[in-house]
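J.: Can you read through this structure? Questions will come right after.
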Amino acid sequence: MSQQRFDYSDLFKLQKQHFETVLQQERLYARKERLLKIKRWIKKHPDLIKEALYKDFQKSPQEVAISEIKPVIGEINTALKKLRDWNQPQNVGTPLTLIGTRAKVVKEPKGVTLVIAPWNFPFMLAIGPVISAIAAGNTVVLKPSEMTPHTEQLIQQMIEAIFDKKEVAVITGGIEETQALLALPWNHIFFTGSPQVGKIIMQKAANYLTSVTLELGGRNAVLVTKNTNLRATAKKLAWGKFFNNGQSCVSPNYLLIDSSIKAAFIDELKYEFVEMYGNYPEEIKANPALARVVNNKHYKRICKLVDHTLSEDGNIIFGNHRDNEENYLSPTVLTIKSTDSPIFQEEIFGPVLPILEYKNLDQAIEIINNVEPALALYIFSNSKKTQKKIIRNTSAGTTVINDTTIQFAHPNLPFGGVGMSGMGKAHGYFGFLEFTNQRAILKQRKKLTTSQLIYPKYNAIKNLIIKYITWNE
Ligand code: NAD
């Protein structure tokens, strides 16, 4: 029944035909025109975006401006400025064995593409990849998250107002609709979401050997070493952890701290937290900077995780105030005793930070390496030697030294995971490349070519040539 209820093959065919008859031949300025349409709409309607996000999970207008609107406009501006360079064919050198040929790499769009978005930055993580897809010259079908219905609706309204569905279309809905979309032979799928669903996406894509970008989550580590400024570290963490109320793919999931500075650091963290969000439970709850947990299902999941941890090895430092009606869990910091702690076992994706002490750096590195590679590793240390040692002995999609979360805002850095935290990269040129086929073009000269020297039938001279070529490698 489900497969019959939703069938998007007509939309797919429409986009495929448009791609083959129009987009494949069009000049770059036409892509720029499409990007400008998005920019103009956003510039005209920032309040609609803020309103939708507030209705969805009380996200503050300031955070919407910083994390939903600014990165999208930034992504468009970068593409508008650099698209010509990104798209330039690249001439490549010629090896001795192919003398006489000329070779280059040309960038061509992949074709009909699908973008599937999550709920936690529901506007930016939906429109960001659409920008990369358009910049690379593709058609796009976008499936926003159903968990943030006001933003989902607004995205649909925006896309339908500025695009014909043969260029860019929005399909709203949940699992059933997404599964129906995944039954089609896309030329690329860009998915942002959980590793669990990422596996489903990859399995479905395998039916047509469709290429995928998987921007997934994970258990991001913060490593605070002895040699660091504790006040500055605490301030950056109080912001980085509770931004979007901890519902961010780059949010610190656990904090490892040298046992000798743990007590002093916790004092600083309490101080910085109060400075940013307030002192008393009601004051903190009323602080408009703090979003709510997205829905009751996630709220219950996080509360259960905290309760389970407290019944095992957890100790509250501050927080853990709740309001079931509002899906409100106040920013919570707790200490745990070991990596067996329940809260250490999963991606928290909410306003809770567990702190675990370590005795020496090697032990901290071992703890990080026993968790699958994360999207982000944060290192707090003033020692270059320590920074280098940690980087050389660990793996992560992104790493920030002496801060958290800000790597997402860098337009010239690739953003993505490694292993279980994802494959492929987003942002700027790297996002453009995900939606691009780097096509190799080799032009042979017309008559005598060097490769003819090794065609059969073989003889003594040809054997010598083959020996020379292979020996030279
Ligand atoms: P999710 O995987 O539950 O959902 C993402 C999308 O997949 C949604 O559009 C949803 O409708 C669809 N979906 C859900 N179940 C499906 C199924 N069974 N079959 C087909 N489609 C399905 O993720 P979420 O809860 O929206 O987002 C949170 C996760 O995303 C976290 O793990 C977080 O770390 C990760 N994330 C990663 C990044 C990144 O850039 N790497 C950014 C944001 C969030």
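Ordered as shown in the structure tokens, chains take letters A, B, and onward, while each chain numbers its residues from 1 and ligands are numbered from 1 in the order shown.
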Could you pull the residues within 9 Å of Ile189 (chain A), counting only C-alpha atoms, minus those fewer than 3 positions along the same chain, as an NGL selection string?

T.: :A and (113-116 or 182 or 186 or 201 or 205 or 210-214 or 435)

J.: List as a PDB file with N, CA, C and O atoms, in the first residue's frame the protein and nucleic acid residues near region 442-454 of chain A, meaning an atom at most 9 Å away when only C-alpha atoms are counted, but skip any in the same chain fewer than 3 places from it.

T.:
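The resulting file, out.pdb, is reproduced below:
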ATOM      1  N   LEU A  96      55.251  10.699 -20.005  1.00  0.00           N
ATOM      2  CA  LEU A  96      56.086  10.371 -21.155  1.00  0.00           C
ATOM      3  C   LEU A  96      55.389   9.371 -22.085  1.00  0.00           C
ATOM      4  O   LEU A  96      55.428   9.501 -23.312  1.00  0.00           O
ATOM      5  N   THR A  97      54.724   8.399 -21.471  1.00  0.00           N
ATOM      6  CA  THR A  97      54.103   7.320 -22.254  1.00  0.00           C
ATOM      7  C   THR A  97      52.914   7.796 -23.087  1.00  0.00           C
ATOM      8  O   THR A  97      52.463   7.097 -23.975  1.00  0.00           O
ATOM      9  N   LEU A  98      52.370   8.960 -22.761  1.00  0.00           N
ATOM     10  CA  LEU A  98      51.207   9.453 -23.526  1.00  0.00           C
ATOM     11  C   LEU A  98      51.540  10.753 -24.254  1.00  0.00           C
ATOM     12  O   LEU A  98      50.652  11.583 -24.507  1.00  0.00           O
ATOM     13  N   ILE A  99      52.805  10.903 -24.564  1.00  0.00           N
ATOM     14  CA  ILE A  99      53.239  12.139 -25.218  1.00  0.00           C
ATOM     15  C   ILE A  99      52.423  12.396 -26.480  1.00  0.00           C
ATOM     16  O   ILE A  99      52.090  11.447 -27.207  1.00  0.00           O
ATOM     17  N   GLY A 100      52.059  13.629 -26.690  1.00  0.00           N
ATOM     18  CA  GLY A 100      51.241  13.970 -27.864  1.00  0.00           C
ATOM     19  C   GLY A 100      49.770  14.131 -27.511  1.00  0.00           C
ATOM     20  O   GLY A 100      48.995  14.701 -28.269  1.00  0.00           O
ATOM     21  N   THR A 101      49.383  13.627 -26.339  1.00  0.00           N
ATOM     22  CA  THR A 101      47.972  13.783 -25.943  1.00  0.00           C
ATOM     23  C   THR A 101      47.815  15.076 -25.138  1.00  0.00           C
ATOM     24  O   THR A 101      48.799  15.634 -24.645  1.00  0.00           O
ATOM     25  N   ARG A 102      46.545  15.491 -24.983  1.00  0.00           N
ATOM     26  CA  ARG A 102      46.236  16.606 -24.087  1.00  0.00           C
ATOM     27  C   ARG A 102      45.113  16.156 -23.156  1.00  0.00           C
ATOM     28  O   ARG A 102      44.190  15.464 -23.615  1.00  0.00           O
ATOM     29  N   ALA A 103      45.202  16.532 -21.891  1.00  0.00           N
ATOM     30  CA  ALA A 103      44.201  16.022 -20.947  1.00  0.00           C
ATOM     31  C   ALA A 103      43.708  17.116 -20.017  1.00  0.00           C
ATOM     32  O   ALA A 103      44.442  18.039 -19.665  1.00  0.00           O
ATOM     33  N   LYS A 104      42.439  16.988 -19.658  1.00  0.00           N
ATOM     34  CA  LYS A 104      41.880  17.952 -18.692  1.00  0.00           C
ATOM     35  C   LYS A 104      40.744  17.288 -17.914  1.00  0.00           C
ATOM     36  O   LYS A 104      40.207  16.245 -18.336  1.00  0.00           O
ATOM     37  N   VAL A 105      40.430  17.902 -16.786  1.00  0.00           N
ATOM     38  CA  VAL A 105      39.284  17.442 -15.998  1.00  0.00           C
ATOM     39  C   VAL A 105      38.199  18.502 -16.145  1.00  0.00           C
ATOM     40  O   VAL A 105      38.449  19.673 -15.865  1.00  0.00           O
ATOM     41  N   LYS A 457      51.748  -7.060 -33.074  1.00  0.00           N
ATOM     42  CA  LYS A 457      52.516  -8.187 -32.580  1.00  0.00           C
ATOM     43  C   LYS A 457      53.800  -7.725 -31.903  1.00  0.00           C
ATOM     44  O   LYS A 457      54.457  -6.815 -32.383  1.00  0.00           O
ATOM     45  N   TYR A 458      54.156  -8.399 -30.829  1.00  0.00           N
ATOM     46  CA  TYR A 458      55.368  -8.028 -30.118  1.00  0.00           C
ATOM     47  C   TYR A 458      56.607  -8.532 -30.857  1.00  0.00           C
ATOM     48  O   TYR A 458      56.585  -9.578 -31.501  1.00  0.00           O
ATOM     49  N   LYS A 462      59.775  -3.896 -29.566  1.00  0.00           N
ATOM     50  CA  LYS A 462      58.623  -3.586 -28.707  1.00  0.00           C
ATOM     51  C   LYS A 462      58.854  -4.102 -27.281  1.00  0.00           C
ATOM     52  O   LYS A 462      58.493  -3.447 -26.300  1.00  0.00           O
ATOM     53  N   ASN A 463      59.475  -5.301 -27.191  1.00  0.00           N
ATOM     54  CA  ASN A 463      59.788  -5.835 -25.861  1.00  0.00           C
ATOM     55  C   ASN A 463      60.702  -4.887 -25.096  1.00  0.00           C
ATOM     56  O   ASN A 463      60.534  -4.676 -23.893  1.00  0.00           O
ATOM     57  N   ILE A 465      60.947  -1.657 -25.549  1.00  0.00           N
ATOM     58  CA  ILE A 465      60.164  -0.459 -25.160  1.00  0.00           C
ATOM     59  C   ILE A 465      59.338  -0.760 -23.906  1.00  0.00           C
ATOM     60  O   ILE A 465      59.322   0.018 -22.945  1.00  0.00           O
ATOM     61  N   ILE A 466      58.664  -1.930 -23.922  1.00  0.00           N
ATOM     62  CA  ILE A 466      57.820  -2.294 -22.759  1.00  0.00           C
ATOM     63  C   ILE A 466      58.683  -2.418 -21.508  1.00  0.00           C
ATOM     64  O   ILE A 466      58.315  -1.942 -20.421  1.00  0.00           O
TER      65      ILE A 466
END

J.: All residues within 7 Å of ligand 1 are required, counting only C-alpha atoms and all ligand atoms; please report them as a ChimeraX atom specification.

T.: /A:116-121,125,143-146,173-175,178-179,192-198,200-201,215-218,248-249,347,349,375,416-417,421-422

J.: Hey, can you check how far CA of Ile406 (chain A) sits from CA of Phe243 (chain A)?

T.: 11.0 Å

J.: Kindly give the distance, in Å, that separates CA of Gly431 (chain A) and CA of Ser132 (chain A), rounded to a single decimal.

T.: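 Straight-line distance from CA of Gly431 (chain A) to CA of Ser132 (chain A) works out to 5.4 Å.
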
J.: I'd like the neighbourhood of Tyr8 (chain A) as a list in words, where a residue qualifies if any of its atoms comes within 10 Å (using only C-alpha atoms), though same-chain residues fewer than 4 positions away should be ignored.

T.: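 My list of contacting residues is Gln3, Phe12, Lys13, Ile171, Glu177, Ala180, Leu181, Leu182, Ala183 and Leu184 of chain A.
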
J.: Can you tell me, as JSON, numbers by chain, what residues are no more than 6 Å from region 66-79 of chain A when counting only C-alpha atoms, ignoring any on the same chain fewer than 4 positions away?

T.: {"A": [83, 123, 124, 128]}

J.: Which residues are close to region 363-373 of chain A, i.e. within 8 Å by only C-alpha atoms, leaving aside same-chain residues fewer than 3 positions away? Reply as a PyMOL selection string.

T.: chain A and resi 218-219+221+223+256+339+358-360+390+393-397+417-421

J.: So which residues of region 258-375 of chain A fall under alpha helix (DSSP H) by DSSP, listed as a PyMOL selection string?

T.: chain A and resi 262-277+281-286+296-312+361-369

J.: Running DSSP on the backbone, which parts of region 275-428 of chain A land in strand (DSSP E), as a VMD selection string?

T.: chain A and resid 315 to 318 322 to 323 328 to 329 332 to 335 352 to 358 374 to 380 396 to 401 422 to 423

J.: Interatomic distance between CA of Thr21 (chain A) and CA of Ile162 (chain A)?

T.: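 Computed distance, CA of Thr21 (chain A) to CA of Ile162 (chain A), equals 20.6 Å.
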
J.: Check the smallest atom-to-atom distance from each of A:Glu283, A:Asp313, A:Asp85, A:Glu272 to Ala232 (chain A) using only C-alpha atoms, then report the winner.

T.: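 Closest to Ala232 (chain A) of all the choices is A:Glu272.
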
J.: With only C-alpha atoms as the atoms that count, which of A:Leu290, A:Leu305, A:Leu310, A:Ile469 lies nearest to Gln345 (chain A)?

T.: A:Leu305

J.: Report as JSON lines the residues of region 272-336 of chain A within 10 Å of region 44-59 of chain A, each with its shortest atom pair and distance in Å (one decimal), using only C-alpha atoms, ordered by chain and increasing residue number.

T.:
{"residue": "A:Pro288", "atom": "CA", "partner": "A:Gln58", "partner_atom": "CA", "distance": 8.1}
{"residue": "A:Ala289", "atom": "CA", "partner": "A:Lys59", "partner_atom": "CA", "distance": 7.5}
{"residue": "A:Leu290", "atom": "CA", "partner": "A:Lys59", "partner_atom": "CA", "distance": 7.0}
{"residue": "A:Ala291", "atom": "CA", "partner": "A:Lys59", "partner_atom": "CA", "distance": 4.5}
{"residue": "A:Arg292", "atom": "CA", "partner": "A:Phe57", "partner_atom": "CA", "distance": 5.2}
{"residue": "A:Val293", "atom": "CA", "partner": "A:Phe57", "partner_atom": "CA", "distance": 6.6}
{"residue": "A:Val294", "atom": "CA", "partner": "A:Phe57", "partner_atom": "CA", "distance": 5.3}
{"residue": "A:Asn295", "atom": "CA", "partner": "A:Phe57", "partner_atom": "CA", "distance": 7.8}
{"residue": "A:Glu326", "atom": "CA", "partner": "A:Phe57", "partner_atom": "CA", "distance": 9.4}
{"residue": "A:Asn327", "atom": "CA", "partner": "A:Phe57", "partner_atom": "CA", "distance": 9.0}

J.: Find the spatial neighbours of region 252-254 of chain A, counting only C-alpha atoms, within a cut-off of 7 Å - ignore same-chain residues fewer than 6 positions away - and output them as a PDB file with all heavy atoms, in the first residue's frame.

T.:
ATOM      1  N   ARG A 219      29.589  10.807  18.510  1.00  0.00           N
ATOM      2  CA  ARG A 219      29.894  11.162  19.901  1.00  0.00           C
ATOM      3  C   ARG A 219      31.148  12.029  19.921  1.00  0.00           C
ATOM      4  O   ARG A 219      32.266  11.545  20.032  1.00  0.00           O
ATOM      5  CB  ARG A 219      30.064   9.873  20.701  1.00  0.00           C
ATOM      6  CG  ARG A 219      28.740   9.106  20.844  1.00  0.00           C
ATOM      7  CD  ARG A 219      28.949   7.622  20.848  1.00  0.00           C
ATOM      8  NE  ARG A 219      29.529   7.169  22.098  1.00  0.00           N
ATOM      9  CZ  ARG A 219      29.999   5.928  22.289  1.00  0.00           C
ATOM     10  NH1 ARG A 219      29.937   5.039  21.314  1.00  0.00           N
ATOM     11  NH2 ARG A 219      30.506   5.585  23.446  1.00  0.00           N
ATOM     12  N   ASN A 220      30.928  13.351  19.835  1.00  0.00           N
ATOM     13  CA  ASN A 220      32.048  14.290  19.748  1.00  0.00           C
ATOM     14  C   ASN A 220      32.739  14.444  21.100  1.00  0.00           C
ATOM     15  O   ASN A 220      32.076  14.602  22.126  1.00  0.00           O
ATOM     16  CB  ASN A 220      31.544  15.653  19.283  1.00  0.00           C
ATOM     17  CG  ASN A 220      30.784  15.554  17.978  1.00  0.00           C
ATOM     18  OD1 ASN A 220      31.225  14.886  17.054  1.00  0.00           O
ATOM     19  ND2 ASN A 220      29.623  16.207  17.910  1.00  0.00           N
ATOM     20  N   ALA A 221      34.068  14.434  21.062  1.00  0.00           N
ATOM     21  CA  ALA A 221      34.835  14.534  22.306  1.00  0.00           C
ATOM     22  C   ALA A 221      35.396  15.933  22.498  1.00  0.00           C
ATOM     23  O   ALA A 221      35.752  16.613  21.536  1.00  0.00           O
ATOM     24  CB  ALA A 221      35.986  13.537  22.263  1.00  0.00           C
ATOM     25  N   VAL A 222      35.475  16.338  23.770  1.00  0.00           N
ATOM     26  CA  VAL A 222      36.235  17.530  24.135  1.00  0.00           C
ATOM     27  C   VAL A 222      37.343  17.045  25.042  1.00  0.00           C
ATOM     28  O   VAL A 222      37.091  16.332  26.019  1.00  0.00           O
ATOM     29  CB  VAL A 222      35.380  18.544  24.931  1.00  0.00           C
ATOM     30  CG1 VAL A 222      36.194  19.788  25.261  1.00  0.00           C
ATOM     31  CG2 VAL A 222      34.123  18.909  24.193  1.00  0.00           C
ATOM     32  N   LYS A 241      28.289  24.059  23.966  1.00  0.00           N
ATOM     33  CA  LYS A 241      27.478  22.898  24.347  1.00  0.00           C
ATOM     34  C   LYS A 241      25.981  23.204  24.289  1.00  0.00           C
ATOM     35  O   LYS A 241      25.188  22.373  23.855  1.00  0.00           O
ATOM     36  CB  LYS A 241      27.866  22.406  25.753  1.00  0.00           C
ATOM     37  CG  LYS A 241      26.981  21.280  26.290  1.00  0.00           C
ATOM     38  CD  LYS A 241      27.071  20.010  25.450  1.00  0.00           C
ATOM     39  CE  LYS A 241      25.808  19.186  25.529  1.00  0.00           C
ATOM     40  NZ  LYS A 241      25.866  17.930  24.772  1.00  0.00           N
ATOM     41  N   GLU A 347      24.927   9.094  21.276  1.00  0.00           N
ATOM     42  CA  GLU A 347      24.911  10.517  20.959  1.00  0.00           C
ATOM     43  C   GLU A 347      23.775  11.141  21.768  1.00  0.00           C
ATOM     44  O   GLU A 347      22.621  10.743  21.610  1.00  0.00           O
ATOM     45  CB  GLU A 347      24.665  10.714  19.451  1.00  0.00           C
ATOM     46  CG  GLU A 347      24.750  12.167  19.030  1.00  0.00           C
ATOM     47  CD  GLU A 347      24.410  12.392  17.546  1.00  0.00           C
ATOM     48  OE1 GLU A 347      23.879  11.478  16.895  1.00  0.00           O
ATOM     49  OE2 GLU A 347      24.674  13.506  17.076  1.00  0.00           O
ATOM     50  N   ILE A 348      24.078  12.112  22.640  1.00  0.00           N
ATOM     51  CA  ILE A 348      23.054  12.654  23.552  1.00  0.00           C
ATOM     52  C   ILE A 348      22.075  13.545  22.786  1.00  0.00           C
ATOM     53  O   ILE A 348      20.878  13.457  22.952  1.00  0.00           O
ATOM     54  CB  ILE A 348      23.703  13.449  24.707  1.00  0.00           C
ATOM     55  CG1 ILE A 348      24.673  12.547  25.478  1.00  0.00           C
ATOM     56  CG2 ILE A 348      22.634  14.016  25.643  1.00  0.00           C
ATOM     57  CD1 ILE A 348      25.605  13.308  26.410  1.00  0.00           C
ATOM     58  N   LEU A 353      25.884  17.586  29.434  1.00  0.00           N
ATOM     59  CA  LEU A 353      27.319  17.375  29.216  1.00  0.00           C
ATOM     60  C   LEU A 353      27.903  16.505  30.330  1.00  0.00           C
ATOM     61  O   LEU A 353      27.984  16.935  31.485  1.00  0.00           O
ATOM     62  CB  LEU A 353      28.055  18.726  29.194  1.00  0.00           C
ATOM     63  CG  LEU A 353      29.574  18.613  28.981  1.00  0.00           C
ATOM     64  CD1 LEU A 353      29.911  18.102  27.586  1.00  0.00           C
ATOM     65  CD2 LEU A 353      30.261  19.961  29.215  1.00  0.00           C
ATOM     66  N   PRO A 354      28.317  15.284  30.017  1.00  0.00           N
ATOM     67  CA  PRO A 354      29.005  14.469  31.019  1.00  0.00           C
ATOM     68  C   PRO A 354      30.510  14.756  31.032  1.00  0.00           C
ATOM     69  O   PRO A 354      31.111  14.930  29.971  1.00  0.00           O
ATOM     70  CB  PRO A 354      28.734  13.027  30.557  1.00  0.00           C
ATOM     71  CG  PRO A 354      28.290  13.109  29.145  1.00  0.00           C
ATOM     72  CD  PRO A 354      28.036  14.536  28.788  1.00  0.00           C
ATOM     73  N   ILE A 355      31.064  14.811  32.232  1.00  0.00           N
ATOM     74  CA  ILE A 355      32.508  15.078  32.385  1.00  0.00           C
ATOM     75  C   ILE A 355      33.170  13.845  32.988  1.00  0.00           C
ATOM     76  O   ILE A 355      32.710  13.302  33.997  1.00  0.00           O
ATOM     77  CB  ILE A 355      32.733  16.300  33.317  1.00  0.00           C
ATOM     78  CG1 ILE A 355      32.120  17.550  32.679  1.00  0.00           C
ATOM     79  CG2 ILE A 355      34.215  16.501  33.617  1.00  0.00           C
ATOM     80  CD1 ILE A 355      32.270  18.813  33.517  1.00  0.00           C
TER      81      ILE A 355
END

J.: Taking only C-alpha atoms into account, which of A:Ile317, A:Ile401, A:Ala126, A:Ile38 comes nearest Thr148 (chain A)?

T.: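 Using only C-alpha atoms, the shortest distance to Thr148 (chain A) belongs to A:Ala126.
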
J.: Tell me which protein, DNA and RNA residues are within 9 Å of Gln15 (chain A), counting only C-alpha atoms, leaving out same-chain ones fewer than 4 positions away, and put them as a list in words.

T.: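 Neighbouring residues, sequence-local ones excluded: Asp10, Leu11, Phe19, Glu20, Gly111, Val112, Thr139, Val140, Val141, Lys165, Lys166, Glu167 and Val168 of chain A.
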